[in-house]
>>> print(open('start_36.csv').read())   # CSV, C-alpha atoms and all ligand atoms
chain,number,residue,atom,x,y,z
A,584,MET,CA,-16.5,-7.6,-18.9
A,585,GLN,CA,-13.3,-7.6,-20.9
A,586,THR,CA,-10.5,-5.8,-19.2
A,587,GLU,CA,-8.3,-3.9,-21.6
A,588,ILE,CA,-4.6,-3.9,-20.6
A,589,ILE,CA,-2.5,-1.1,-22.0
A,590,LYS,CA,1.3,-0.9,-21.7
A,591,VAL,CA,2.7,2.4,-21.0
A,592,HIS,CA,6.1,2.3,-22.7
A,593,THR,CA,9.4,3.5,-21.3
A,594,ASP,CA,12.0,5.2,-23.5
A,595,SER,CA,15.7,4.3,-23.7
A,596,ALA,CA,16.4,6.5,-20.6
A,597,GLY,CA,13.8,4.5,-18.6
A,598,LYS,CA,11.3,7.3,-18.6
A,599,SER,CA,7.6,6.7,-19.1
A,600,VAL,CA,6.3,7.7,-22.4
A,601,ILE,CA,2.6,8.3,-22.0
A,602,GLU,CA,0.5,7.6,-24.9
A,603,GLN,CA,-1.9,10.5,-24.8
A,604,ASP,CA,-4.5,8.5,-26.7
A,605,ALA,CA,-4.7,5.7,-24.1
A,606,ILE,CA,-4.7,8.2,-21.2
A,607,GLU,CA,-7.6,10.1,-22.8
A,608,ARG,CA,-9.6,6.9,-23.2
A,609,ALA,CA,-8.8,5.9,-19.6
A,610,GLY,CA,-9.9,9.4,-18.4
A,611,GLN,CA,-13.1,9.0,-20.4
A,612,ILE,CA,-13.8,5.6,-18.7
A,613,ILE,CA,-13.4,7.3,-15.2
A,614,LYS,CA,-15.7,10.2,-16.2
A,615,ASN,CA,-18.3,7.7,-17.3
A,616,GLY,CA,-18.3,6.0,-13.9
A,617,GLY,CA,-15.9,3.1,-14.9
A,618,LEU,CA,-12.8,1.8,-13.3
A,619,VAL,CA,-9.2,2.0,-14.4
A,620,ALA,CA,-6.2,0.5,-12.5
A,621,PHE,CA,-3.1,2.6,-12.7
A,622,PRO,CA,0.5,2.6,-11.4
A,623,THR,CA,1.6,5.0,-8.6
A,624,GLU,CA,5.0,5.3,-6.9
A,625,THR,CA,3.7,3.1,-4.0
A,626,VAL,CA,1.4,0.4,-5.3
A,627,TYR,CA,-1.1,0.1,-8.1
A,628,GLY,CA,-4.5,1.9,-7.5
A,629,LEU,CA,-8.0,1.1,-8.7
A,630,GLY,CA,-9.4,4.4,-9.8
A,631,GLY,CA,-12.9,5.7,-10.1
A,632,ASP,CA,-14.4,9.3,-10.1
A,633,ALA,CA,-14.3,10.4,-6.5
A,634,PHE,CA,-17.5,12.5,-6.9
A,635,LEU,CA,-19.6,9.6,-8.3
A,636,ARG,CA,-21.4,7.5,-5.7
A,637,ASP,CA,-21.8,4.6,-8.1
A,638,ALA,CA,-18.1,4.5,-8.9
A,639,ALA,CA,-17.2,4.1,-5.2
A,640,LYS,CA,-19.8,1.2,-5.0
A,641,ARG,CA,-18.2,-0.4,-8.0
A,642,ILE,CA,-14.8,-0.2,-6.5
A,643,TYR,CA,-16.0,-1.9,-3.3
A,644,ALA,CA,-17.7,-4.6,-5.4
A,645,ALA,CA,-14.7,-5.2,-7.6
A,646,LYS,CA,-12.3,-5.6,-4.7
A,647,GLY,CA,-14.8,-7.4,-2.5
A,648,ARG,CA,-14.1,-4.7,0.1
A,649,PRO,CA,-16.3,-3.8,3.0
A,650,SER,CA,-17.9,-0.4,2.2
A,651,ASP,CA,-17.1,1.1,5.6
A,652,ASN,CA,-13.4,1.1,4.5
A,653,PRO,CA,-12.9,4.6,3.0
A,654,LEU,CA,-11.0,5.4,-0.2
A,655,ILE,CA,-8.2,7.8,-0.8
A,656,ILE,CA,-8.9,10.7,-3.2
A,657,HIS,CA,-6.0,11.2,-5.6
A,658,ILE,CA,-5.4,14.7,-7.0
A,659,ALA,CA,-2.9,16.1,-9.5
A,660,GLU,CA,-2.4,19.6,-8.0
A,661,ILE,CA,-2.2,21.0,-4.5
A,662,ALA,CA,-4.9,23.6,-5.3
A,663,ALA,CA,-7.4,20.7,-5.8
A,664,LEU,CA,-7.2,20.0,-2.1
A,665,GLU,CA,-9.7,22.7,-1.4
A,666,ARG,CA,-12.4,21.1,-3.6
A,667,VAL,CA,-12.5,18.0,-1.3
A,668,ALA,CA,-11.5,19.3,2.1
A,669,GLU,CA,-12.4,22.2,4.4
A,670,GLU,CA,-11.0,23.8,7.5
A,671,ILE,CA,-7.6,22.8,6.1
A,672,PRO,CA,-4.9,23.6,8.7
A,673,ASP,CA,-1.8,25.4,7.6
A,674,SER,CA,0.2,22.3,8.4
A,675,ALA,CA,-1.5,20.5,5.5
A,676,PHE,CA,-0.2,23.0,3.0
A,677,ARG,CA,3.3,22.8,4.5
A,678,LEU,CA,3.2,19.0,4.2
A,679,ALA,CA,1.9,19.3,0.7
A,680,GLU,CA,4.7,21.7,-0.3
A,681,ARG,CA,7.3,19.4,1.2
A,682,PHE,CA,6.1,15.9,0.3
A,683,TRP,CA,3.7,16.2,-2.7
A,684,SER,CA,3.7,14.8,-5.2
A,685,GLY,CA,4.7,11.8,-3.1
A,686,PRO,CA,3.7,8.9,-0.8
A,687,LEU,CA,1.8,10.9,1.8
A,688,THR,CA,-1.9,10.8,2.5
A,689,MET,CA,-3.6,13.4,4.7
A,690,ILE,CA,-6.8,13.0,6.5
A,691,LEU,CA,-8.8,16.2,6.6
A,692,LYS,CA,-12.4,17.4,7.2
A,693,LYS,CA,-14.4,16.6,4.1
A,694,LYS,CA,-16.4,19.0,2.0
A,695,ASP,CA,-20.1,18.2,1.7
A,696,GLU,CA,-19.8,17.6,-2.0
A,697,VAL,CA,-17.6,14.5,-1.4
A,698,PRO,CA,-20.0,11.5,-1.3
A,699,LEU,CA,-20.2,9.4,1.9
A,700,GLU,CA,-19.7,6.4,-0.4
A,701,THR,CA,-16.2,7.6,-1.1
A,702,THR,CA,-15.3,8.2,2.6
A,703,GLY,CA,-16.9,5.1,4.0
A,704,ALA,CA,-19.6,7.3,5.7
A,705,LEU,CA,-16.9,9.3,7.6
A,706,SER,CA,-16.9,13.1,7.8
A,707,THR,CA,-13.2,13.1,7.0
A,708,VAL,CA,-11.5,12.5,3.7
A,709,ALA,CA,-8.1,11.0,2.7
A,710,VAL,CA,-6.2,12.9,0.0
A,711,ARG,CA,-3.0,12.3,-1.7
A,712,MET,CA,-1.1,13.6,-4.8
A,713,PRO,CA,0.9,10.6,-6.2
A,714,ASP,CA,4.4,10.9,-7.7
A,715,HIS,CA,4.0,9.0,-10.9
A,716,PRO,CA,3.6,10.5,-14.4
A,717,VAL,CA,0.9,7.9,-15.5
A,718,ALA,CA,-1.1,8.5,-12.3
A,719,LEU,CA,-1.0,12.3,-12.7
A,720,ALA,CA,-1.9,12.1,-16.3
A,721,LEU,CA,-4.8,9.8,-15.6
A,722,ILE,CA,-6.1,12.0,-12.8
A,723,ARG,CA,-6.0,15.0,-15.0
A,724,ALA,CA,-7.7,13.2,-17.9
A,725,GLY,CA,-10.4,11.8,-15.5
A,726,GLY,CA,-11.5,15.2,-14.2
A,727,GLY,CA,-9.0,15.7,-11.4
A,728,PHE,CA,-10.4,13.6,-8.5
A,729,VAL,CA,-9.8,9.9,-8.6
A,730,ALA,CA,-10.8,7.7,-5.6
A,731,ALA,CA,-8.5,4.8,-5.5
A,732,PRO,CA,-7.7,2.0,-3.1
A,733,SER,CA,-4.9,-0.4,-3.8
A,734,ALA,CA,-5.9,-2.5,-6.8
A,735,ASN,CA,-6.0,-5.9,-5.1
A,736,THR,CA,-8.8,-8.2,-4.1
A,737,SER,CA,-9.6,-7.3,-0.5
A,738,GLY,CA,-7.3,-9.2,1.9
A,739,ARG,CA,-4.6,-10.0,-0.7
A,740,PRO,CA,-1.2,-8.3,-0.9
A,741,SER,CA,-1.3,-5.0,-2.7
A,742,PRO,CA,-0.2,-5.1,-6.3
A,743,THR,CA,3.3,-3.8,-7.3
A,744,ARG,CA,3.0,-4.7,-11.0
A,745,ALA,CA,0.2,-4.8,-13.5
A,746,SER,CA,0.2,-8.7,-13.6
A,747,HIS,CA,-0.8,-8.7,-9.9
A,748,VAL,CA,-3.8,-6.4,-10.8
A,749,GLU,CA,-4.7,-8.7,-13.6
A,750,GLU,CA,-4.6,-11.8,-11.3
A,751,ASP,CA,-7.1,-10.1,-8.9
A,752,LEU,CA,-9.3,-7.9,-11.0
A,753,SER,CA,-9.4,-9.1,-14.6
A,754,GLY,CA,-12.9,-9.2,-15.9
A,755,ARG,CA,-14.2,-6.8,-13.2
A,756,ILE,CA,-12.8,-3.5,-14.3
A,757,GLU,CA,-12.6,-1.7,-17.7
A,758,MET,CA,-8.9,-1.0,-18.0
A,759,ILE,CA,-5.4,-1.6,-16.5
A,760,LEU,CA,-2.6,0.9,-17.4
A,761,ASP,CA,0.6,-1.2,-17.2
A,762,GLY,CA,3.4,1.1,-16.1
A,763,GLY,CA,5.8,-1.7,-15.0
A,764,THR,CA,7.0,-2.4,-11.5
A,765,VAL,CA,6.4,0.4,-8.9
A,766,GLY,CA,9.3,2.0,-7.1
A,767,ILE,CA,8.4,2.0,-3.4
A,768,GLY,CA,6.2,-1.1,-3.0
A,769,ILE,CA,4.2,-0.3,0.1
A,770,GLU,CA,1.3,2.0,0.5
A,771,SER,CA,1.6,5.7,1.4
A,772,THR,CA,2.0,7.0,4.9
A,773,ILE,CA,-1.3,8.3,6.3
A,774,VAL,CA,-1.3,11.2,8.7
A,775,ASP,CA,-4.5,12.4,10.3
A,776,LEU,CA,-4.6,16.2,10.7
A,777,THR,CA,-8.0,16.4,12.2
A,778,ASP,CA,-6.7,15.4,15.7
A,779,GLU,CA,-5.2,17.8,18.1
A,780,VAL,CA,-1.8,16.3,17.5
A,781,PRO,CA,-1.1,15.0,14.0
A,782,THR,CA,-1.3,11.3,14.1
A,783,ILE,CA,0.2,8.6,11.8
A,784,LEU,CA,-2.5,6.1,11.1
A,785,ARG,CA,-0.4,4.0,8.7
A,786,PRO,CA,3.4,4.1,8.5
A,787,GLY,CA,5.1,4.3,5.1
A,788,TYR,CA,8.0,5.7,3.2
A,789,ILE,CA,7.5,9.2,4.7
A,790,THR,CA,8.6,8.5,8.3
A,791,ALA,CA,7.6,10.0,11.6
A,792,GLU,CA,11.0,11.8,11.7
A,793,MET,CA,10.4,13.4,8.3
A,794,LEU,CA,6.9,14.5,9.2
A,795,GLY,CA,8.2,15.8,12.5
A,796,GLU,CA,10.6,18.2,10.7
A,797,VAL,CA,7.5,20.0,9.2
A,798,LEU,CA,4.9,19.4,11.9
A,799,GLY,CA,6.9,19.6,15.1
A,800,GLU,CA,4.9,17.1,17.2
A,801,VAL,CA,3.6,14.0,15.6
A,802,ARG,CA,2.4,10.8,17.2
A,803,MET,CA,1.7,7.2,16.2
A,804,ASP,CA,-1.9,5.9,16.4
A,805,PRO,CA,-1.9,3.8,19.5
A,806,GLY,CA,-4.1,1.3,17.7
A,807,ILE,CA,-1.3,0.3,15.3
A,808,ILE,CA,1.6,0.1,17.8
A,809,ASP,CA,0.4,-2.9,19.7
A,810,ALA,CA,-2.0,-5.4,18.2
A,811,ASP,CA,-2.7,-6.8,21.7
A,812,SER,CA,-3.6,-3.4,23.2
A,813,GLY,CA,-7.3,-3.8,22.4
A,814,ILE,CA,-7.3,-0.3,20.9
A,815,ALA,CA,-8.9,-0.2,17.4
A,816,PRO,CA,-6.7,1.5,14.7
A,817,LYS,CA,-8.3,4.7,13.6
A,818,ALA,CA,-7.9,4.0,9.9
A,819,PRO,CA,-10.7,1.5,9.2
A,820,GLY,CA,-8.5,-0.4,6.8
A,821,MET,CA,-5.9,-1.1,9.3
A,822,LYS,CA,-8.1,-3.4,11.4
A,823,TYR,CA,-8.5,-6.1,8.8
A,824,ARG,CA,-6.0,-9.0,8.5
A,825,HIS,CA,-4.7,-8.1,5.2
A,826,TYR,CA,-1.8,-8.3,2.8
A,827,ALA,CA,-2.1,-12.0,3.8
A,828,PRO,CA,-0.7,-14.9,1.9
A,829,ASN,CA,-2.6,-18.2,1.8
A,830,ALA,CA,-0.1,-20.0,3.9
A,831,GLU,CA,0.5,-19.5,7.6
A,832,LEU,CA,3.1,-16.8,8.1
A,833,VAL,CA,5.3,-16.5,11.2
A,834,VAL,CA,7.8,-13.7,11.8
A,835,VAL,CA,10.9,-14.5,13.8
A,836,GLU,CA,12.4,-11.5,15.7
A,837,GLY,CA,15.7,-11.1,17.5
A,838,PRO,CA,19.4,-10.7,16.7
A,839,ALA,CA,20.1,-11.5,13.1
A,840,LYS,CA,22.3,-14.6,13.7
A,841,GLN,CA,19.8,-16.2,16.2
A,842,VAL,CA,16.9,-15.5,13.8
A,843,THR,CA,18.6,-17.4,11.0
A,844,GLU,CA,19.4,-20.3,13.4
A,845,GLU,CA,15.8,-20.4,14.7
A,846,ILE,CA,14.3,-20.3,11.2
A,847,LYS,CA,16.7,-23.1,10.1
A,848,ARG,CA,15.5,-25.2,13.0
A,849,LEU,CA,11.8,-24.4,12.5
A,850,ALA,CA,12.1,-25.1,8.8
A,851,GLY,CA,13.8,-28.5,9.4
A,852,GLU,CA,11.0,-29.4,11.9
A,853,GLY,CA,8.3,-28.4,9.4
A,854,LEU,CA,9.9,-30.3,6.5
A,855,SER,CA,10.2,-33.5,8.5
A,856,SER,CA,6.6,-33.4,9.4
A,857,GLY,CA,5.8,-33.2,5.7
A,858,LYS,CA,5.0,-29.5,5.4
A,859,ARG,CA,5.9,-27.3,2.5
A,860,VAL,CA,8.0,-24.6,4.2
A,861,GLY,CA,8.8,-21.2,2.8
A,862,ILE,CA,11.5,-18.8,4.1
A,863,ILE,CA,11.6,-15.1,3.6
A,864,ALA,CA,15.4,-14.3,3.6
A,865,THR,CA,17.6,-11.4,2.6
A,866,GLU,CA,20.6,-11.1,0.3
A,867,GLU,CA,22.7,-11.2,3.4
A,868,THR,CA,21.3,-14.5,4.6
A,869,GLU,CA,19.7,-16.5,1.7
A,870,GLN,CA,22.8,-18.7,1.3
A,871,GLN,CA,22.5,-19.8,5.0
A,872,TYR,CA,19.3,-21.8,4.6
A,873,PRO,CA,20.1,-25.3,3.3
A,874,GLU,CA,16.4,-26.4,3.0
A,875,GLY,CA,12.9,-25.1,2.4
A,876,THR,CA,11.8,-22.8,-0.4
A,877,VAL,CA,13.9,-19.7,0.1
A,878,LEU,CA,12.9,-16.3,-1.5
A,879,CYS,CA,15.1,-13.3,-1.2
A,880,ILE,CA,13.1,-10.1,-0.3
A,881,GLY,CA,15.9,-7.6,-0.7
A,882,ARG,CA,19.0,-6.2,1.1
A,883,ARG,CA,18.8,-5.8,4.8
A,884,SER,CA,21.4,-3.1,4.6
A,885,GLU,CA,19.1,-1.2,2.3
A,886,GLU,CA,15.6,-1.7,3.5
A,887,GLU,CA,14.0,0.2,0.6
A,888,THR,CA,14.7,-2.9,-1.4
A,889,VAL,CA,12.8,-5.0,1.1
A,890,ALA,CA,9.8,-2.7,0.9
A,891,ARG,CA,9.9,-3.0,-2.9
A,892,HIS,CA,9.7,-6.8,-2.9
A,893,LEU,CA,7.5,-7.5,0.1
A,894,TYR,CA,4.2,-8.0,-1.6
A,895,GLU,CA,5.7,-9.7,-4.6
A,896,VAL,CA,7.3,-12.3,-2.4
A,897,LEU,CA,4.0,-12.9,-0.5
A,898,ARG,CA,2.2,-13.4,-3.9
A,899,ARG,CA,5.0,-15.7,-5.2
A,900,PHE,CA,4.6,-17.9,-2.1
A,901,ASP,CA,0.9,-18.2,-2.9
A,902,GLU,CA,1.8,-19.4,-6.4
A,903,LEU,CA,4.2,-21.9,-5.0
A,904,GLY,CA,1.7,-23.2,-2.6
A,905,MET,CA,3.3,-23.3,0.9
A,906,ASP,CA,1.9,-24.6,4.2
A,907,ILE,CA,4.0,-22.3,6.4
A,908,ILE,CA,6.3,-19.4,5.8
A,909,TYR,CA,9.0,-18.2,8.2
A,910,SER,CA,10.2,-14.6,7.8
A,911,GLU,CA,13.1,-12.7,9.1
A,912,SER,CA,12.2,-9.4,10.8
A,913,PHE,CA,13.3,-5.8,10.1
A,914,SER,CA,14.3,-2.7,11.9
A,915,ASP,CA,11.8,-0.6,13.8
A,916,SER,CA,12.9,2.7,12.5
A,917,GLY,CA,12.6,4.5,9.1
A,918,ILE,CA,11.0,2.4,6.3
A,919,GLY,CA,11.6,-0.7,8.6
A,920,GLN,CA,8.6,0.5,10.6
A,921,ALA,CA,6.3,0.3,7.6
A,922,ILE,CA,7.7,-3.0,6.5
A,923,MET,CA,7.2,-4.5,10.0
A,924,ASN,CA,3.7,-3.1,10.1
A,925,ARG,CA,2.7,-4.8,6.9
A,926,LEU,CA,4.6,-8.0,7.6
A,927,LEU,CA,3.0,-8.4,11.1
A,928,LYS,CA,-0.4,-7.8,9.6
A,929,ALA,CA,0.2,-10.4,7.0
A,930,ALA,CA,1.3,-12.8,9.7
A,931,GLY,CA,-1.9,-12.1,11.8
A,932,HIS,CA,0.7,-11.0,14.4
A,933,GLN,CA,2.2,-14.5,14.8
A,934,VAL,CA,5.7,-13.7,16.1
A,935,ILE,CA,8.4,-15.9,17.6
A,936,GLY,CA,11.1,-14.0,19.6
A,937,VAL,CA,14.6,-15.4,20.0
A,938,LEU,CA,17.3,-14.0,22.3
A,1001,LIG,O1,-0.2,4.3,-1.5
A,1001,LIG,C1,-1.4,4.3,-1.3
A,1001,LIG,O2,-2.0,5.0,-0.4
A,1001,LIG,C2,-2.3,3.5,-2.3
A,1001,LIG,C3,-2.2,4.1,-3.7
A,1001,LIG,C4,-3.1,3.4,-4.7
A,1001,LIG,O3,-2.4,5.4,-3.6
A,1001,LIG,N1,-3.7,3.4,-1.9
A,1001,LIG,C5,-4.1,2.7,-0.8
A,1001,LIG,O4,-5.4,2.7,-0.6
A,1001,LIG,O5,-3.3,2.1,0.0
A,1001,LIG,P1,-6.2,1.7,0.4
A,1001,LIG,O6,-7.6,2.0,0.1
A,1001,LIG,O7,-5.7,0.3,0.1
A,1001,LIG,O8,-5.9,2.1,1.8
A,1001,LIG,C6,-6.4,3.3,2.3
A,1001,LIG,C7,-6.3,3.4,3.8
A,1001,LIG,C8,-7.3,2.4,4.5
A,1001,LIG,O9,-6.7,1.8,5.6
A,1001,LIG,C9,-8.4,3.3,4.9
A,1001,LIG,O10,-9.1,2.8,6.0
A,1001,LIG,C10,-7.7,4.6,5.2
A,1001,LIG,O11,-6.7,4.7,4.2
A,1001,LIG,N2,-8.5,5.8,5.1
A,1001,LIG,C11,-9.1,6.3,4.1
A,1001,LIG,N3,-9.9,7.4,4.4
A,1001,LIG,C12,-9.7,7.6,5.7
A,1001,LIG,C13,-10.3,8.5,6.7
A,1001,LIG,N4,-11.1,9.4,6.3
A,1001,LIG,N5,-10.0,8.3,8.0
A,1001,LIG,C14,-9.1,7.3,8.4
A,1001,LIG,N6,-8.6,6.4,7.5
A,1001,LIG,C15,-8.9,6.5,6.2
A,1002,MG,MG,-5.2,-1.6,0.3
>>> encode(input="start_36.csv", output="structure tokens", more="lines below")
Ligand code: TXA
Ligand code: MG
Amino acid sequence: MQTEIIKVHTDSAGKSVIEQDAIERAGQIIKNGGLVAFPTETVYGLGGDAFLRDAAKRIYAAKGRPSDNPLIIHIAEIAALERVAEEIPDSAFRLAERFWSGPLTMILKKKDEVPLETTGALSTVAVRMPDHPVALALIRAGGGFVAAPSANTSGRPSPTRASHVEEDLSGRIEMILDGGTVGIGIESTIVDLTDEVPTILRPGYITAEMLGEVLGEVRMDPGIIDADSGIAPKAPGMKYRHYAPNAELVVVEGPAKQVTEEIKRLAGEGLSSGKRVGIIATEETEQQYPEGTVLCIGRRSEEETVARHLYEVLRRFDELGMDIIYSESFSDSGIGQAIMNRLLKAAGHQVIGVL
């Protein structure tokens, strides 16, 4: 299959100019059961009609993803929630009012009409309304309900630009809408509203504190707090080692100065034993590493910039061909929590602590 790539232009003010023609064609592909990759504010998604069983099957096949890992249904208006979910608690509408369109996914009881293929055989459904003009236009043109996982091959870092999607899925899907680089860079926060206490299944840009302001009580899924606890994460997708680069990745934790020293030492050791060593550094520290392949992931003082570049840096290291990568670690609050969640997963939880 030939994958058509369509650039969505930006005007002089940097706003997306959506070519209605292209969007209409993309929407038609979705309605016909085909697949279109599209930008959202978090990462690129791989979209198919959420009500078509075969579209879900094609998504799993294109990504090489296990079919027990459910998809998120993307909608373009809050009112559409009631077409896919039932017994919706009041809290869901309050969250939608506050955070949609935006990087928040809610888990709710699913309506019978939603195929089990879309929900990975679960009786619940994940729903989100993305904050990106191209995503919203595509969802509308495609009939209003687009099931979309991140548009990467299963196990690879999520795509933050169209070229990443092309690398992974070219020849396997009908179309890629190229809307440039995404703004946030890591996937949406997932909150489960089917539990007694609302539970965060995947941390993201919308933090526990922000959710707490609307919900009162909110807790973290015990399965994602401690990888060694033996408790399985509730979101099926969180149990896989994913976002992973080809090289071994080790996260070094501790006070900033000691971390830099330890990484310098480890890198030196690796290099002298003939390994190709990568280092994930920050703007604050990149000058301090005299050897190894150093990539800057963003500004530590502004962790949003770290989130934005995380997956791109992991992919870049794949291109460069490393044997081992040492990464600095980030804070355990705010967006730092989401960054560390993805980084530790990518590292298969290989951590070195320094004092
Ligand atoms: O930001 C995002 O959420 C991106 C963009 C494209 O919207 N999408 C995304 O989808 O990250 P995906 O498929 O890569 O991750 C969806 C996660 C998986 O971990 C999956 O297991 C979980 O959501 N999930 C989906 N439905 C669920 C359900 N009913 N119950 C629990 N977890 C669910
Ligand atoms: Mg994903």
>>> closest_residue(input="start_36.csv", among="A:Val717, A:Ala730, A:Ala827, A:Ile612", to="Arg636 in chain A", atoms="all atoms listed in the file")
A:Ala730
>>> residues_around(input="start_36.csv", residues="range 841-848 of chain A", least_positions_apart="6", cutoff="8 Å", atoms="all atoms listed in the file", output="MDAnalysis selection string")
chainID A and resid 835 862 868 871:874 909:911 937:938
>>> closest_residue(input="start_36.csv", among="A:Phe682, A:Phe621, A:Tyr826, A:Phe728", to="Leu635 in chain A", atoms="only C-alpha atoms")
A:Phe728
>>> residues_near_ligand(input="start_36.csv", ligand="ligand LIG 1001 (chain A)", cutoff="7 Å", atoms="only C-alpha atoms and all ligand atoms", output="MDAnalysis selection string")
chainID A and resid 623 625:629 652:655 686 688 690 702 705 707:709 713 731:734 769:773 817:821
>>> residues_around(input="start_36.csv", residues="Ser916 in chain A", least_positions_apart="4", cutoff="10 Å", atoms="all atoms listed in the file", output="number ranges by chain")
A: 790-792, 920-923
>>> atom_distance(input="start_36.csv", atom1="CA of Leu691 in chain A", atom2="CA of Ser706 in chain A")
8.8 Å
>>> closest_residue(input="start_36.csv", among="A:Val774, A:Ala704, A:Glu696, A:Ile589", to="Asp604 in chain A", atoms="only C-alpha atoms")
A:Ile589
>>> atom_distance(input="start_36.csv", atom1="CA of Ala890 in chain A", atom2="CA of Glu602 in chain A")
29.3 Å
>>> closest_residue(input="start_36.csv", among="A:Gln611, A:Ser650, A:Thr777, A:Asn735", to="ligand MG 1002 (chain A)", atoms="all atoms listed in the file")
A:Asn735
